[in-house]
file run.txt (compact mmCIF, C-alpha atoms (C1' of nucleotides))
# COMPACT_ATOMS: atom_id res chain seq x y z
CA MET A 1 0.00 0.00 0.00
CA ALA A 2 1.60 3.16 -1.19
CA THR A 3 0.73 6.10 0.97
CA VAL A 4 -0.32 9.31 -0.67
CA ARG A 5 2.42 11.81 -0.06
CA GLU A 6 1.17 14.65 -2.13
CA ALA A 7 -2.01 16.55 -1.60
CA PRO A 8 -4.77 15.63 -4.01
CA LEU A 9 -5.62 18.01 -6.78
CA VAL A 10 -9.04 19.37 -5.97
CA VAL A 11 -10.89 20.39 -9.10
CA ILE A 12 -13.99 22.51 -9.01
CA VAL A 13 -16.02 22.94 -12.15
CA GLY A 14 -19.41 24.31 -13.05
CA PRO A 15 -21.20 26.89 -15.14
CA THR A 16 -20.62 30.59 -14.87
CA ALA A 17 -22.15 32.24 -11.80
CA SER A 18 -22.49 28.94 -9.97
CA GLY A 19 -20.45 30.05 -6.98
CA LYS A 20 -17.25 28.15 -7.79
CA THR A 21 -14.95 30.97 -6.80
CA GLY A 22 -16.44 31.45 -3.36
CA LEU A 23 -16.39 27.74 -2.73
CA ALA A 24 -12.75 27.45 -3.75
CA ILE A 25 -11.71 30.29 -1.46
CA LYS A 26 -13.56 28.75 1.46
CA LEU A 27 -11.91 25.40 0.80
CA ALA A 28 -8.49 26.97 0.47
CA LYS A 29 -8.81 28.81 3.75
CA HIS A 30 -9.98 25.78 5.61
CA TRP A 31 -7.59 23.21 4.18
CA GLY A 32 -4.53 25.25 3.43
CA GLY A 33 -5.03 25.39 -0.28
CA GLU A 34 -3.95 27.60 -3.13
CA ILE A 35 -6.11 28.32 -6.12
CA ILE A 36 -5.41 27.96 -9.81
CA SER A 37 -8.09 29.65 -11.85
CA ALA A 38 -8.99 27.89 -15.08
CA ASP A 39 -10.84 30.62 -16.84
CA SER A 40 -10.06 31.67 -20.38
CA ARG A 41 -11.06 35.28 -19.68
CA SER A 42 -9.55 35.91 -16.28
CA ILE A 43 -6.15 35.24 -17.77
CA TYR A 44 -6.24 38.70 -19.31
CA ARG A 45 -4.83 41.73 -17.57
CA GLY A 46 -7.15 44.67 -17.44
CA MET A 47 -10.24 42.53 -17.79
CA ASP A 48 -11.28 42.41 -14.17
CA ILE A 49 -14.82 43.52 -13.53
CA GLY A 50 -16.30 42.21 -16.77
CA THR A 51 -14.88 38.74 -16.28
CA ALA A 52 -15.95 38.56 -12.63
CA LYS A 53 -12.35 38.05 -11.66
CA PRO A 54 -12.06 37.90 -7.86
CA SER A 55 -10.56 41.12 -6.51
CA LEU A 56 -7.72 41.10 -3.99
CA VAL A 57 -10.27 41.71 -1.24
CA GLU A 58 -12.46 38.88 -2.47
CA GLN A 59 -9.47 36.56 -2.60
CA GLU A 60 -9.31 36.88 1.18
CA GLY A 61 -5.61 36.40 1.30
CA VAL A 62 -5.72 33.07 -0.51
CA VAL A 63 -2.99 32.64 -3.10
CA HIS A 64 -4.44 32.77 -6.62
CA PHE A 65 -2.74 31.62 -9.80
CA GLY A 66 -4.02 31.75 -13.32
CA LEU A 67 -5.04 35.39 -13.21
CA ASP A 68 -3.48 38.12 -15.33
CA LEU A 69 -1.28 35.82 -17.37
CA ALA A 70 -1.50 37.69 -20.65
CA ASP A 71 -2.41 40.99 -22.21
CA PRO A 72 -5.62 41.02 -24.23
CA ASP A 73 -3.68 41.21 -27.48
CA GLN A 74 -1.51 38.23 -26.66
CA ARG A 75 -2.19 34.72 -27.81
CA PHE A 76 -2.78 32.32 -24.94
CA THR A 77 -4.05 28.83 -25.58
CA ALA A 78 -5.38 25.84 -23.73
CA ALA A 79 -2.00 24.23 -24.17
CA ASP A 80 -0.28 27.24 -22.61
CA PHE A 81 -2.67 26.97 -19.72
CA LYS A 82 -1.98 23.28 -19.28
CA LYS A 83 1.74 23.85 -19.05
CA TYR A 84 1.27 26.70 -16.62
CA ALA A 85 -1.20 24.85 -14.39
CA GLU A 86 0.89 21.71 -14.22
CA ALA A 87 3.89 23.71 -13.05
CA LYS A 88 1.79 25.44 -10.42
CA ILE A 89 0.36 22.17 -9.15
CA VAL A 90 3.86 20.83 -8.60
CA ASP A 91 4.89 24.07 -6.99
CA ILE A 92 1.92 24.12 -4.60
CA ARG A 93 2.39 20.51 -3.63
CA ASN A 94 6.06 21.11 -2.96
CA ARG A 95 5.05 23.69 -0.43
CA GLU A 96 2.70 21.10 1.08
CA LYS A 97 -0.40 23.00 0.22
CA VAL A 98 -3.50 21.72 -1.49
CA PRO A 99 -3.82 22.72 -5.15
CA ILE A 100 -7.34 23.72 -6.09
CA LEU A 101 -8.06 24.01 -9.80
CA VAL A 102 -11.26 25.94 -10.33
CA GLY A 103 -12.92 27.18 -13.43
CA GLY A 104 -15.54 26.99 -16.09
CA THR A 105 -13.38 26.62 -19.15
CA GLY A 106 -13.86 22.95 -19.89
CA LEU A 107 -11.02 22.65 -22.35
CA TYR A 108 -8.57 24.14 -19.87
CA ILE A 109 -9.73 21.84 -17.10
CA ASP A 110 -9.77 18.71 -19.23
CA GLY A 111 -6.40 19.51 -20.70
CA VAL A 112 -5.00 19.19 -17.21
CA ILE A 113 -7.06 16.43 -15.62
CA PHE A 114 -7.13 14.16 -18.67
CA ASP A 115 -3.58 15.05 -19.63
CA TYR A 116 -4.43 16.08 -23.17
CA SER A 117 -1.75 15.82 -25.82
CA PHE A 118 -2.26 19.03 -27.70
CA ASP A 119 -0.98 19.16 -31.20
CA ASN A 120 1.48 22.01 -31.36
CA SER A 121 1.15 22.99 -34.97
CA PHE A 122 0.08 26.55 -35.45
CA ASN A 123 0.15 28.28 -38.78
CA PRO A 124 -1.22 31.83 -38.80
CA GLU A 125 -0.64 32.31 -42.54
CA LEU A 126 -2.53 29.14 -43.39
CA ARG A 127 -5.34 30.15 -41.07
CA ALA A 128 -5.60 33.55 -42.68
CA THR A 129 -5.77 32.04 -46.15
CA LEU A 130 -8.25 29.37 -45.20
CA GLN A 131 -10.41 31.94 -43.47
CA ASN A 132 -11.43 33.28 -46.88
CA LEU A 133 -12.95 29.96 -47.88
CA SER A 134 -16.50 28.96 -47.11
CA ALA A 135 -17.30 25.94 -44.95
CA GLU A 136 -18.24 23.97 -48.08
CA GLU A 137 -14.94 24.82 -49.72
CA LEU A 138 -13.07 23.78 -46.61
CA VAL A 139 -14.88 20.46 -46.57
CA GLU A 140 -13.96 20.05 -50.23
CA TYR A 141 -10.34 20.85 -49.39
CA CYS A 142 -10.33 18.20 -46.67
CA ASN A 143 -11.80 15.63 -49.02
CA GLN A 144 -9.21 16.36 -51.69
CA HIS A 145 -6.35 16.07 -49.24
CA SER A 146 -7.95 13.14 -47.42
CA ILE A 147 -8.10 15.00 -44.16
CA GLU A 148 -10.52 13.64 -41.62
CA LEU A 149 -13.48 15.94 -41.11
CA PRO A 150 -14.60 17.29 -37.75
CA GLN A 151 -18.03 16.42 -36.47
CA ASN A 152 -19.64 19.69 -37.49
CA ARG A 153 -18.89 20.35 -41.12
CA GLY A 154 -20.35 23.80 -40.84
CA ASN A 155 -17.79 24.85 -38.28
CA LYS A 156 -15.08 26.76 -40.12
CA ARG A 157 -12.91 27.06 -37.08
CA HIS A 158 -12.84 23.32 -36.52
CA LEU A 159 -12.40 22.69 -40.23
CA ILE A 160 -9.40 25.01 -40.41
CA ARG A 161 -7.90 23.42 -37.34
CA ALA A 162 -8.33 19.98 -38.90
CA ILE A 163 -6.47 21.13 -41.99
CA GLU A 164 -3.78 22.71 -39.86
CA ILE A 165 -3.02 19.52 -37.96
CA GLY A 166 -3.89 17.24 -40.85
CA GLY A 167 -6.89 15.56 -39.28
CA ILE A 168 -8.53 15.12 -35.94
CA ASN A 169 -6.59 14.74 -32.72
CA HIS A 170 -7.54 11.31 -31.44
CA LYS A 171 -5.16 11.12 -28.52
CA ARG A 172 -7.80 10.83 -25.89
CA ASN A 173 -7.62 9.61 -22.35
CA SER A 174 -10.73 8.47 -20.64
CA SER A 175 -9.21 8.28 -17.20
CA LEU A 176 -8.30 11.08 -14.88
CA ILE A 177 -4.74 11.78 -13.85
CA ASP A 178 -3.75 10.33 -10.49
CA ASN A 179 -4.59 11.78 -7.13
CA CYS A 180 -7.27 14.12 -8.26
CA PHE A 181 -10.99 14.48 -7.69
CA VAL A 182 -13.51 16.68 -9.41
CA VAL A 183 -16.48 18.38 -7.84
CA GLY A 184 -19.10 19.91 -10.08
CA ILE A 185 -21.50 22.63 -9.00
CA SER A 186 -24.75 22.66 -10.87
CA PRO A 187 -27.44 24.95 -9.52
CA SER A 188 -30.82 25.09 -11.24
CA ARG A 189 -31.21 27.25 -14.32
CA VAL A 190 -33.51 29.63 -12.46
CA GLU A 191 -30.95 30.10 -9.74
CA LEU A 192 -28.15 30.60 -12.25
CA ARG A 193 -30.20 33.20 -14.04
CA GLU A 194 -30.84 35.05 -10.80
CA ARG A 195 -27.17 34.96 -9.84
CA ALA A 196 -26.15 36.14 -13.29
CA ARG A 197 -28.55 39.05 -13.04
CA GLN A 198 -27.23 40.11 -9.66
CA ARG A 199 -23.71 39.83 -10.93
CA ALA A 200 -24.47 42.04 -13.91
CA HIS A 201 -25.78 44.74 -11.60
CA ILE A 202 -22.72 44.47 -9.42
CA MET A 203 -20.52 44.84 -12.49
CA PHE A 204 -22.18 48.14 -13.28
CA SER A 205 -21.69 49.58 -9.84
CA ALA A 206 -18.11 48.34 -9.87
CA GLY A 207 -17.46 50.28 -13.06
CA VAL A 208 -17.52 47.88 -16.02
CA VAL A 209 -18.42 50.72 -18.30
CA GLU A 210 -15.24 52.59 -17.43
CA GLU A 211 -13.28 49.36 -17.76
CA THR A 212 -14.75 48.79 -21.20
CA ILE A 213 -13.87 52.31 -22.30
CA LYS A 214 -10.30 51.74 -21.21
CA LEU A 215 -10.14 48.46 -23.11
CA THR A 216 -11.55 49.96 -26.29
CA GLN A 217 -8.89 52.66 -26.18
CA GLN A 218 -6.16 50.05 -26.20
CA PHE A 219 -7.48 47.04 -28.04
CA ASP A 220 -9.30 46.06 -31.18
CA TRP A 221 -12.69 44.38 -31.09
CA SER A 222 -11.47 41.70 -33.46
CA LEU A 223 -9.23 40.22 -30.76
CA PRO A 224 -10.40 36.88 -29.34
CA SER A 225 -10.12 38.31 -25.84
CA MET A 226 -12.53 41.10 -26.71
CA SER A 227 -15.23 38.72 -27.87
CA GLY A 228 -17.54 37.14 -25.38
CA SER A 229 -17.85 38.42 -21.84
CA ILE A 230 -19.94 41.48 -21.26
CA TYR A 231 -17.65 43.86 -23.14
CA PRO A 232 -19.23 43.73 -26.62
CA ILE A 233 -22.62 44.30 -24.98
CA ILE A 234 -21.38 47.30 -23.04
CA ASN A 235 -19.92 48.61 -26.26
CA ARG A 236 -23.42 48.74 -27.70
CA LEU A 237 -24.40 50.87 -24.72
CA LEU A 238 -21.48 53.16 -25.42
CA LEU A 239 -22.62 53.45 -29.02
CA GLY A 240 -26.06 54.44 -27.81
CA GLU A 241 -27.75 51.40 -29.32
CA ILE A 242 -29.18 50.00 -26.12
CA SER A 243 -29.99 51.05 -22.57
CA GLU A 244 -28.40 49.88 -19.35
CA ALA A 245 -31.44 47.73 -18.60
CA GLU A 246 -31.04 46.06 -21.98
CA VAL A 247 -27.37 45.44 -21.30
CA ILE A 248 -28.34 43.58 -18.15
CA GLU A 249 -30.84 41.46 -20.06
CA LEU A 250 -28.41 40.63 -22.84
CA ALA A 251 -25.64 39.89 -20.36
CA VAL A 252 -27.86 37.45 -18.49
CA GLN A 253 -28.85 35.86 -21.78
CA SER A 254 -25.30 35.36 -22.92
CA ASP A 255 -24.34 34.03 -19.50
CA MET A 256 -27.12 31.49 -19.67
CA ARG A 257 -26.02 30.34 -23.09
CA LEU A 258 -22.49 30.02 -21.89
CA ALA A 259 -23.71 28.09 -18.87
CA LYS A 260 -25.54 25.69 -21.14
CA ARG A 261 -22.40 25.00 -23.17
CA GLN A 262 -20.36 24.55 -20.03
CA ILE A 263 -22.88 22.12 -18.57
CA THR A 264 -22.96 20.17 -21.82
CA TRP A 265 -19.19 19.93 -21.81
CA PHE A 266 -18.91 18.80 -18.21
CA ARG A 267 -21.75 16.33 -18.44
CA ARG A 268 -19.53 14.11 -20.57
CA ASN A 269 -17.12 13.77 -17.71
CA LYS A 270 -18.33 10.79 -15.73
CA ALA A 271 -15.76 11.34 -13.00
CA ILE A 272 -17.41 14.51 -11.73
CA LEU A 273 -19.08 14.39 -8.34
CA TRP A 274 -22.04 16.69 -8.78
CA SER A 275 -23.67 18.94 -6.19
CA GLU A 276 -26.58 21.25 -6.74
CA SER A 277 -25.05 23.99 -4.61
CA ALA A 278 -21.67 25.38 -3.66
CA GLU A 279 -22.41 24.55 -0.01
CA LYS A 280 -22.89 20.88 -0.77
CA GLY A 281 -19.87 20.93 -3.01
CA TYR A 282 -17.86 22.26 -0.10
CA LEU A 283 -18.98 19.38 2.09
CA LEU A 284 -18.14 16.89 -0.63
CA ALA A 285 -14.64 18.25 -1.18
CA SER A 286 -14.02 18.56 2.54
CA LYS A 287 -14.85 14.93 3.07
CA ALA A 288 -12.28 13.89 0.52
CA LEU A 289 -9.68 16.23 1.97
CA GLN A 290 -10.36 14.96 5.45
CA ALA A 291 -9.35 11.50 4.33
CA TYR A 292 -6.13 12.87 2.93
CA LYS A 293 -5.32 14.88 6.05
CA ALA A 294 -5.97 11.85 8.25
CA GLU A 295 -3.05 10.12 6.61
CA HIS A 296 -0.70 12.84 7.75
C1' G B 1 -68.83 59.71 -33.93
C1' C B 2 -66.60 59.48 -39.04
C1' U B 3 -62.50 57.82 -42.27
C1' G B 4 -58.20 54.90 -43.18
C1' G B 5 -54.51 51.14 -41.17
C1' G B 6 -53.87 46.90 -38.13
C1' A B 7 -54.72 42.25 -35.07
C1' U B 8 -50.39 35.68 -37.45
C1' A B 9 -47.08 30.66 -33.21
C1' G B 10 -42.89 32.80 -26.60
C1' U B 11 -41.54 37.86 -29.11
C1' G B 12 -40.82 40.70 -33.72
C1' A B 13 -42.34 39.88 -38.59
C1' A B 14 -43.59 37.47 -43.76
C1' G B 15 -47.68 35.30 -46.12
C1' C B 16 -52.75 37.88 -48.96
C1' G B 17 -57.62 31.57 -52.09
C1' G B 18 -54.78 25.69 -52.68
C1' U B 19 -47.77 23.30 -52.62
C1' C B 20 -49.35 26.77 -44.77
C1' A B 21 -48.33 24.01 -38.85
C1' A B 22 -47.37 28.79 -41.64
C1' A B 23 -40.74 32.03 -44.47
C1' C B 24 -37.22 34.76 -41.59
C1' A B 25 -35.11 36.90 -37.16
C1' C B 26 -34.87 36.77 -31.96
C1' G B 27 -35.79 34.02 -27.65
C1' G B 28 -35.78 28.79 -25.89
C1' G B 29 -34.36 23.24 -25.81
C1' U B 30 -30.63 19.44 -27.08
C1' G B 31 -25.82 18.33 -28.68
C1' A B 32 -20.58 18.66 -30.80
C1' C B 33 -15.98 20.64 -29.76
C1' U B 34 -7.65 17.97 -27.68
C1' G B 35 -3.29 24.61 -29.10
C1' U B 36 -8.98 30.95 -30.78
C1' A B 37 -13.19 27.61 -26.17
C1' A B 38 -17.09 33.44 -22.13
C1' A B 39 -15.01 31.10 -28.78
C1' U B 40 -17.05 28.32 -32.92
C1' C B 41 -20.65 25.09 -34.85
C1' A B 42 -24.90 21.36 -35.56
C1' U B 43 -29.88 20.39 -34.59
C1' C B 44 -34.93 20.83 -32.76
C1' U B 45 -38.70 24.53 -31.41
C1' G B 46 -48.05 24.10 -32.00
C1' G B 47 -49.93 19.19 -29.95
C1' C B 48 -50.01 13.91 -30.37
C1' U B 49 -50.51 7.01 -29.68
C1' C B 50 -45.64 11.12 -34.78
C1' A B 51 -43.35 8.61 -42.77
C1' G B 52 -49.73 9.92 -40.08
C1' C B 53 -53.27 12.56 -37.38
C1' C B 54 -55.30 16.70 -34.51
C1' U B 55 -56.00 22.00 -33.03
C1' U B 56 -54.13 27.00 -34.81
C1' C B 57 -53.34 32.74 -37.94
C1' G B 58 -58.29 38.48 -32.48
C1' G B 59 -64.11 36.44 -31.69
C1' G B 60 -68.52 34.92 -34.40
C1' G B 61 -70.98 34.07 -39.09
C1' G B 62 -70.73 33.50 -44.47
C1' U B 63 -68.72 32.57 -49.80
C1' U B 64 -65.86 28.40 -51.95
C1' C B 65 -64.38 21.73 -53.77
C1' G B 66 -60.76 24.51 -50.63
C1' A B 67 -59.54 30.55 -46.50
C1' A B 68 -54.38 33.03 -42.38
C1' U B 69 -55.62 34.82 -47.27
C1' C B 70 -62.49 36.97 -50.01
C1' C B 71 -67.40 39.02 -47.68
C1' C B 72 -70.40 40.46 -43.14
C1' U B 73 -70.25 41.50 -38.11
C1' C B 74 -68.23 42.10 -33.11
C1' U B 75 -63.99 43.30 -29.83
C1' C B 76 -59.37 45.72 -29.19
C1' C B 77 -55.17 48.84 -30.96
C1' C B 78 -52.96 52.91 -34.13
C1' A B 79 -53.30 57.30 -37.42
C1' G B 80 -56.27 61.43 -39.57
C1' C B 81 -60.93 64.06 -39.23
C1' A B 82 -64.70 65.69 -35.97

call {"tool": "encode", "arguments": {"input": "run.txt", "output": "structure tokens"}}
result
Amino acid sequence: MATVREAPLVVIVGPTASGKTGLAIKLAKHWGGEIISADSRSIYRGMDIGTAKPSLVEQEGVVHFGLDLADPDQRFTAADFKKYAEAKIVDIRNREKVPILVGGTGLYIDGVIFDYSFDNSFNPELRATLQNLSAEELVEYCNQHSIELPQNRGNKRHLIRAIEIGGINHKRNSSLIDNCFVVGISPSRVELRERARQRAHIMFSAGVVEETIKLTQQFDWSLPSMSGSIYPIINRLLLGEISEAEVIELAVQSDMRLAKRQITWFRRNKAILWSESAEKGYLLASKALQAYKAEH
RNA sequence: GCUGGGAUAGUGAAGCGGUCAAACACGGGUGACUGUAAAUCAUCUGGCUCAGCCUUCGGGGGUUCGAAUCCCUCUCCCAGCA
């Protein structure tokens, strides 16, 4: 019987506005943990309020990694995140703390916990050229070059990626990495909607509009980092197209759609221990950590 | 009170005698997605005992083989005149 020397990797997943962040901080404070955020938007510097990034005050003194890793005009990928997170996990464990990976970006999470082998080819010129072709033409291209097609033939982005790597990446693991457990928070849709609405209001009083203005002065809307989040919606307010009340509605709507995609992604993961609330998720994670601590 | 315009599925909006359960957009559901992923895409969206059937196009009544589409009437909206 090999004894577990290292702390387990606690993973917390769930849709946006499910209360993951608060739960992770509570866990970290109680069990001596440090947090690694797995959120494809919180990695950007200067995008704080609009991405619901926990402020220093909200972090309650808990060490947070995964925040402010790149500028909005820098390229940062799931593979970059994987490398970064793995290093941090080692680092945290070396200091005998509990690593807590928390986030809603499924690809980031799975990259780490299923040890994805990302294909490192990246060809910006090819992408730019291919971008001018229609989905049908891209499918035709794949057929001519006998490149395996992605599931959705209407998805240009996936089609271009398939051409770039010469097919579909089939290196899949179905089992989790060792010494790791995953807790999923899945509140009801009504509750999520309510939380999203409250959050949108808070963003306004915290100054998202000012933050958006600052971002628009520095960055182009065509950047990947500038898509999604609440920023494009606020921009419509700045352009006088919609009112603040409409911004709230649209923000809630886009959050709910995001939540749906996140839930769909995570549902595939059979290893997740689901809880309908952050409170229950806390209990679940604590139980597992208790077992680990007992061995020490 | 008179004269014109209008009432269509969750919302907006086409249709203007048959091929209409009714275009399209939005909203909503489901799903895909291993180096853009808060992205990108697919699919469904009146009901049902679902290759068929049933109930819909403000209400009621007609015309017609056949109406959301034509006529009459009622109700409610909007514009102009009183």

call {"tool": "axis_aligned_box", "arguments": {"input": "run.txt", "around": "segment 2-21 of chain A", "padding_each_side": "6 Å", "output": "AutoDock Vina command-line options"}}
result
--center_x -10.0 --center_y 17.7 --center_z -7.1 --size_x 36.9 --size_y 41.1 --size_z 28.1

call {"tool": "closest_atom_pairs", "arguments": {"input": "run.txt", "of": "chain B", "to": "chain A", "cutoff": "8 Å", "atoms": "only C-alpha atoms (C1' of nucleotides)", "output": "Markdown table"}}
result
| residue | atom | partner | partner_atom | distance |
| --- | --- | --- | --- | --- |
| B:G31 | C1' | A:Thr264 | CA | 7.7 |
| B:A32 | C1' | A:Gln151 | CA | 6.6 |
| B:C33 | C1' | A:His158 | CA | 7.9 |
| B:U34 | C1' | A:Phe118 | CA | 5.5 |
| B:G35 | C1' | A:Ala79 | CA | 5.1 |
| B:U36 | C1' | A:Pro224 | CA | 6.3 |
| B:A37 | C1' | A:Leu107 | CA | 6.6 |
| B:A38 | C1' | A:Gly228 | CA | 4.9 |
| B:A39 | C1' | A:Gly228 | CA | 7.4 |
| B:U40 | C1' | A:Arg157 | CA | 6.0 |
| B:C41 | C1' | A:Asn155 | CA | 4.5 |
| B:A42 | C1' | A:Asn152 | CA | 5.8 |

call {"tool": "residues_around", "arguments": {"input": "run.txt", "residues": "Pro99 of chain A", "least_positions_apart": "6", "cutoff": "8 Å", "atoms": "only C-alpha atoms (C1' of nucleotides)", "output": "list in words"}}
result
Ala7, Pro8, Leu9, Val10, Gly33, Glu34, Ile35, Ile36, Ile89, Ile92 and Arg93 of chain A

call {"tool": "closest_residue", "arguments": {"input": "run.txt", "among": "A:Ile49, A:Val57, A:Ala128, A:Ile25", "to": "Ile202 of chain A", "atoms": "only C-alpha atoms"}}
result
A:Ile49

call {"tool": "atom_distance", "arguments": {"input": "run.txt", "atom1": "atom CA of Asp220 of chain A", "atom2": "atom CA of Asp73 of chain A"}}
result
8.3 Å

call {"tool": "atom_distance", "arguments": {"input": "run.txt", "atom1": "atom CA of Asp178 of chain A", "atom2": "atom CA of Glu276 of chain A"}}
result
25.6 Å

call {"tool": "residues_around", "arguments": {"input": "run.txt", "residues": "segment 58-64 of chain B", "least_positions_apart": "6", "cutoff": "10 Å", "atoms": "only C-alpha atoms (C1' of nucleotides)", "output": "number ranges by chain"}}
result
B: 7-8, 17, 70-76

call {"tool": "decode", "arguments": {"input": "run.txt", "residues": "segment 213-272 of chain A", "atoms": "C-alpha atoms", "output": "compact mmCIF listing (two decimals), in the first residue's frame"}}
result
# COMPACT_ATOMS: atom_id res chain seq x y z
CA ILE A 213 -13.87 52.31 -22.30
CA LYS A 214 -10.30 51.74 -21.21
CA LEU A 215 -10.14 48.46 -23.11
CA THR A 216 -11.55 49.96 -26.29
CA GLN A 217 -8.89 52.66 -26.18
CA GLN A 218 -6.16 50.05 -26.20
CA PHE A 219 -7.48 47.04 -28.04
CA ASP A 220 -9.30 46.06 -31.18
CA TRP A 221 -12.69 44.38 -31.09
CA SER A 222 -11.47 41.70 -33.46
CA LEU A 223 -9.23 40.22 -30.76
CA PRO A 224 -10.40 36.88 -29.34
CA SER A 225 -10.12 38.31 -25.84
CA MET A 226 -12.53 41.10 -26.71
CA SER A 227 -15.23 38.72 -27.87
CA GLY A 228 -17.54 37.14 -25.38
CA SER A 229 -17.85 38.42 -21.84
CA ILE A 230 -19.94 41.48 -21.26
CA TYR A 231 -17.65 43.86 -23.14
CA PRO A 232 -19.23 43.73 -26.62
CA ILE A 233 -22.62 44.30 -24.98
CA ILE A 234 -21.38 47.30 -23.04
CA ASN A 235 -19.92 48.61 -26.26
CA ARG A 236 -23.42 48.74 -27.70
CA LEU A 237 -24.40 50.87 -24.72
CA LEU A 238 -21.48 53.16 -25.42
CA LEU A 239 -22.62 53.45 -29.02
CA GLY A 240 -26.06 54.44 -27.81
CA GLU A 241 -27.75 51.40 -29.32
CA ILE A 242 -29.18 50.00 -26.12
CA SER A 243 -29.99 51.05 -22.57
CA GLU A 244 -28.40 49.88 -19.35
CA ALA A 245 -31.44 47.73 -18.60
CA GLU A 246 -31.04 46.06 -21.98
CA VAL A 247 -27.37 45.44 -21.30
CA ILE A 248 -28.34 43.58 -18.15
CA GLU A 249 -30.84 41.46 -20.06
CA LEU A 250 -28.41 40.63 -22.84
CA ALA A 251 -25.64 39.89 -20.36
CA VAL A 252 -27.86 37.45 -18.49
CA GLN A 253 -28.85 35.86 -21.78
CA SER A 254 -25.30 35.36 -22.92
CA ASP A 255 -24.34 34.03 -19.50
CA MET A 256 -27.12 31.49 -19.67
CA ARG A 257 -26.02 30.34 -23.09
CA LEU A 258 -22.49 30.02 -21.89
CA ALA A 259 -23.71 28.09 -18.87
CA LYS A 260 -25.54 25.69 -21.14
CA ARG A 261 -22.40 25.00 -23.17
CA GLN A 262 -20.36 24.55 -20.03
CA ILE A 263 -22.88 22.12 -18.57
CA THR A 264 -22.96 20.17 -21.82
CA TRP A 265 -19.19 19.93 -21.81
CA PHE A 266 -18.91 18.80 -18.21
CA ARG A 267 -21.75 16.33 -18.44
CA ARG A 268 -19.53 14.11 -20.57
CA ASN A 269 -17.12 13.77 -17.71
CA LYS A 270 -18.33 10.79 -15.73
CA ALA A 271 -15.76 11.34 -13.00
CA ILE A 272 -17.41 14.51 -11.73
